[in-house]
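I have placed the structure first, in the form of structure tokens, so that the comments after it can refer back to it.
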Amino acid sequence: MDSNKKITLIIFSLVVILTSIIVVIVAIGSRETGYNGVTNKAHLTAEVVKKSLTSHMLNGNMDQRDVFLNSISSLKDVQSLWLVRAKSVSEQFGPSHLANENPKDQIDIEVLNSGKEKIIINESLYGATLRITIPYTASSFDKPNCLACHNAKEGDVLGAISLNFDISEDRGSNIMILLYIILIIGLFLIFFLIFIQKKIEPFTNSFNSLVQVLKRVHEGDYSVRAQAGILKEDKEASLWLNELIEKLETVLTGIEKNLTSFVHNRASNVNHDKLISAKDIIEDISEIYHYKKTIENDFSIDDIYYRLISVLRDKLGIKHFIIFETDLVKDERKTIFSAPNTKPYCSLEKSIKESCRAERINSIVSSENFSEICRVAKCNKDEQHICIPFYINDQTNITIHIVSNSKEELNNLKYQIGIIKKYLEETKPILESKLLMDALRQKNLTDSLTGLYNRKYLDEIVEKKLALDVKNGVIYSIMFLDIDYFKMVNDSYGHDIGDDILRKLAITMKKSIGPNETLIRYGGEEFLILKKDATQENTKELAEKINNEFSKIVFNYGGDNFTKTVSIGYSFYPIDTDQFWKCIKFADISLYEAKATGRNRVVKFSKDILKNGDKLDY
């Protein structure tokens, strides 16, 4: 229902209600007026009868009273009339022999006893009557004086007169008058309704037009414009509204055009409302800004990856995803993060440049686009995957592998690709900087010849790691290695050959150790091995393994074939001493003990091998 009909109906309803109230009041008033008129007529008749009967009694012609009463009864609308004597009158003058002077019903008796008049109205669908019984009371003020003839006191009831009136005609007249009133009011209401509808139509039409325009704008259609109304006010309102919509459309179009490209068409798939799109884009930009400020102050690469994982999982609500990091130099891939209960559709770890379609073409790959678009990825039935590669620098690439279990989830993922890429873009410079710093740090802590850690790295882990581990009850073994007769190699074949032998020893040690061992080139041909959770058995076993494996290598330089051996000494920290550098000295002393006792040996530290001065320090 439009506003015109609503307003007209409301006004009409109020007028109808008001009119109904007036009609009811008129009906009630007309009814009461009719009853009051009959009542007054009854009182007048009672007074005439009273005077007439008194006159008959004084003149001695009481035999004529029946004629008189009958004449009164024959008056218009009087159905019946009768008189009732009080008991005191019958006692004084004797009982009456007239039937119409005796009480006819309980009402007569009640009035005689109480001295109060009583009115009874009987109404039905076809007629209406009014019965009134009026008492006659003794009064010295009447003319003639009642007390002069009657043995009674002032106010005693001497009798009563009862009259029945037919008021059907009066009621019918009242009803007809009421119907005329209703008819006139009805005609007035019809004309009033037409008049009101015509008068408010320009206002309501304008209002309806504005409502439709606002509805379209609310739904996101900013191209709609309001039509100018008939009234001056309507024209001004339409003009102002159109100017407002035009400004809003211009601003929102500009925001959507500029900011949407900033967040990779983030809102293009879901919202057609420019205002909602602008709101979403601004929220995204704000979140991306805070994300960038946060990762700028993160300490490590792991911290940055943790932030990125939190964004994908918590902010964007992606449930099933894996983040791969590819070493472009080694052409190897490692998994940075894998969501719970999520397995990738490919298991590539090597040959990434050729095998991974997403990284090879450096573009998003979605299994929805083409069946088996990536031959390496093996999707389950009714499942899809999306791979988003992102180039960091010449050494590192990131790929986000997202798994979708439903069409709805896939549609949502496609909608979020743009914002994911924006987060990656903001991550890139910070991550690249961290990678470069780590590379520089790694280079600074690594021996360029062998690729093993150097003395600086040892100094760093002593301060940051070993002290805490030892405090928690961890035992380390410290092994010192030295190539036997290495100086002879340098003197006979040159330092290049010596460097090559050192590299091969480093390779042999790398193959022999596990995750609990750390290799350090201590200086020259000396190497140090830190073994965590060390025991006498596993330390000696590792030392002998390195010794045996290295001794098997046959070197061929300048036509000469020869093998080399190493001597190894080891000590336990903090068992042998709670001072780390002193424990290294003990391992070094054990190494020289191995050399002094024939070389190609593994010697455990004991205080028996200490010299006099060292014994004093021990």
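Convention: chains lettered A, B, ... in structure tokens order; per-chain residue numbering from 1; ligands numbered from 1 as shown.
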
Near Asp166 (chain A), counting only C-alpha atoms, which residues have an atom at most 12 Å away, once you skip same-chain residues fewer than 5 positions from it, shown as JSON, numbers by chain?
{"A": [34, 35, 38, 39, 42, 73, 75, 76, 77, 78, 79, 80, 121, 122, 123, 126, 127, 128, 129, 130, 131, 132, 171, 172]}

Item to complete: Taking the chain letters and numbering used in this document, name the residues of region 220-345 of chain A that DSSP puts in alpha helix (DSSP H), as a PyMOL selection string.
Response: chain A and resi 232-262+274-296+301-310

Selected residues written out with C-alpha atoms, as a JSON list (two decimals), in the first residue's frame:
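The new file result06.json reads:
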```json
[["chain", "number", "residue", "atom", "x", "y", "z"],
["A", 232, "LYS", "CA", 7.99, 23.84, -5.01],
["A", 233, "GLU", "CA", 9.16, 21.93, -1.94],
["A", 234, "ASP", "CA", 9.21, 18.67, -3.94],
["A", 235, "LYS", "CA", 11.38, 20.21, -6.63],
["A", 236, "GLU", "CA", 13.87, 21.50, -4.07],
["A", 237, "ALA", "CA", 13.99, 18.15, -2.23],
["A", 238, "SER", "CA", 14.51, 16.25, -5.50],
["A", 239, "LEU", "CA", 17.28, 18.62, -6.55],
["A", 240, "TRP", "CA", 19.09, 18.31, -3.22],
["A", 241, "LEU", "CA", 18.75, 14.52, -3.21],
["A", 242, "ASN", "CA", 20.04, 14.21, -6.78],
["A", 243, "GLU", "CA", 23.04, 16.42, -5.98],
["A", 244, "LEU", "CA", 23.80, 14.31, -2.91],
["A", 245, "ILE", "CA", 23.55, 11.02, -4.86],
["A", 246, "GLU", "CA", 25.74, 12.41, -7.65],
["A", 247, "LYS", "CA", 28.42, 13.53, -5.19],
["A", 248, "LEU", "CA", 28.24, 10.18, -3.40],
["A", 249, "GLU", "CA", 28.54, 8.28, -6.68],
["A", 250, "THR", "CA", 31.53, 10.37, -7.78],
["A", 251, "VAL", "CA", 33.35, 9.92, -4.47],
["A", 252, "LEU", "CA", 32.61, 6.21, -4.16],
["A", 253, "THR", "CA", 33.52, 5.51, -7.78],
["A", 254, "GLY", "CA", 36.84, 7.25, -7.21],
["A", 255, "ILE", "CA", 37.47, 5.30, -4.00],
["A", 256, "GLU", "CA", 36.54, 2.00, -5.62],
["A", 257, "LYS", "CA", 38.68, 2.71, -8.71],
["A", 258, "ASN", "CA", 41.77, 3.79, -6.80],
["A", 259, "LEU", "CA", 41.65, 1.61, -3.72],
["A", 260, "THR", "CA", 40.36, -1.54, -5.37],
["A", 261, "SER", "CA", 43.47, -1.66, -7.53],
["A", 262, "PHE", "CA", 45.46, -1.16, -4.34],
["A", 274, "LYS", "CA", 30.01, 1.04, -3.85],
["A", 275, "LEU", "CA", 29.61, 2.27, -0.28],
["A", 276, "ILE", "CA", 29.98, -1.22, 1.22],
["A", 277, "SER", "CA", 32.85, -1.92, -1.17],
["A", 278, "ALA", "CA", 34.61, 1.28, -0.10],
["A", 279, "LYS", "CA", 34.09, 0.39, 3.56],
["A", 280, "ASP", "CA", 35.54, -3.11, 3.04],
["A", 281, "ILE", "CA", 38.49, -1.76, 1.07],
["A", 282, "ILE", "CA", 39.30, 0.86, 3.72],
["A", 283, "GLU", "CA", 39.11, -1.80, 6.42],
["A", 284, "ASP", "CA", 41.47, -3.99, 4.39],
["A", 285, "ILE", "CA", 43.93, -1.14, 3.92],
["A", 286, "SER", "CA", 43.83, -0.39, 7.64],
["A", 287, "GLU", "CA", 44.48, -4.03, 8.52],
["A", 288, "ILE", "CA", 47.27, -4.29, 5.94],
["A", 289, "TYR", "CA", 48.86, -1.12, 7.34],
["A", 290, "HIS", "CA", 48.85, -2.50, 10.90],
["A", 291, "TYR", "CA", 50.16, -5.82, 9.59],
["A", 292, "LYS", "CA", 53.06, -4.09, 7.83],
["A", 293, "LYS", "CA", 53.92, -1.98, 10.90],
["A", 294, "THR", "CA", 53.91, -5.14, 13.01],
["A", 295, "ILE", "CA", 56.21, -7.25, 10.82],
["A", 296, "GLU", "CA", 58.60, -4.31, 10.39],
["A", 301, "ILE", "CA", 61.88, -14.60, 9.48],
["A", 302, "ASP", "CA", 59.94, -17.10, 11.60],
["A", 303, "ASP", "CA", 58.10, -14.19, 13.23],
["A", 304, "ILE", "CA", 57.11, -12.81, 9.83],
["A", 305, "TYR", "CA", 55.87, -16.19, 8.66],
["A", 306, "TYR", "CA", 53.89, -16.49, 11.89],
["A", 307, "ARG", "CA", 52.14, -13.17, 11.15],
["A", 308, "LEU", "CA", 51.33, -14.24, 7.59],
["A", 309, "ILE", "CA", 49.93, -17.56, 8.82],
["A", 310, "SER", "CA", 47.78, -15.71, 11.38]]
```

**Study point:** Gap from CA of Ser52 (chain A) to CA of Ile161 (chain A) - Å, one decimal
**Key:**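 It comes out at 13.1 Å.
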
Using only C-alpha atoms, the residue out of A:Ile461, A:Leu436, A:Ala86, A:Ile134 with shortest distance to Val49 (chain A) is A:Ile134

Q) Can you list every residue in region 470-510 of chain A that DSSP puts in strand (DSSP E), as number ranges by chain? A) A: 476-483

- Counting only C-alpha atoms, what is within 12 Å of Asp105 (chain A), bar same-chain residues fewer than 6 positions away, as JSON, numbers by chain? {"A": [82, 84, 111, 112, 133, 162]}

*Could you give me, as an NGL selection string, the residues within 12 Å of region 509-512 of chain A, counting only C-alpha atoms and dropping anything in the same chain fewer than 4 positions from it?*
:A and (450-453 or 479 or 481 or 502-505 or 516-521 or 527-529 or 541-550 or 566)

Report task. Using only C-alpha atoms, determine which residues lie at most 7 Å from Lys353 (chain A), disregarding the query and same-chain residues fewer than 5 positions distant; provide the list as a PyMOL selection string. Result -> chain A and resi 331+359-360

Kindly export the residues of the current selection with C-alpha atoms, as a compact mmCIF listing (two decimals), in the first residue's frame.
```
# COMPACT_ATOMS: atom_id res chain seq x y z
CA ASP A 331 66.04 -25.63 -6.65
CA GLU A 359 56.34 -21.24 -9.93
CA ARG A 360 57.41 -21.99 -13.50
```

Practice problem: Skip region 422-435 of chain A itself and residues of its chain fewer than 2 positions away, then list as a list of chain:residue names all residues within 7 Å of it, counting only C-alpha atoms. | Solution: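 Once the nearby chain positions are removed, what remains is A:Val263, A:His264, A:Ile288, A:Lys292, A:Glu296, A:Ser300, A:Ile301, A:Ile392, A:Asn393, A:Gly418, A:Ile419, A:Ile420, A:Met437, A:Asp438, A:Ala439.
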
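Between Phe586 (chain A) and the residues A:Arg601, A:Lys607, A:Lys6, A:Lys41, the shortest atom-to-atom distance, using only C-alpha atoms, involves A:Lys607.
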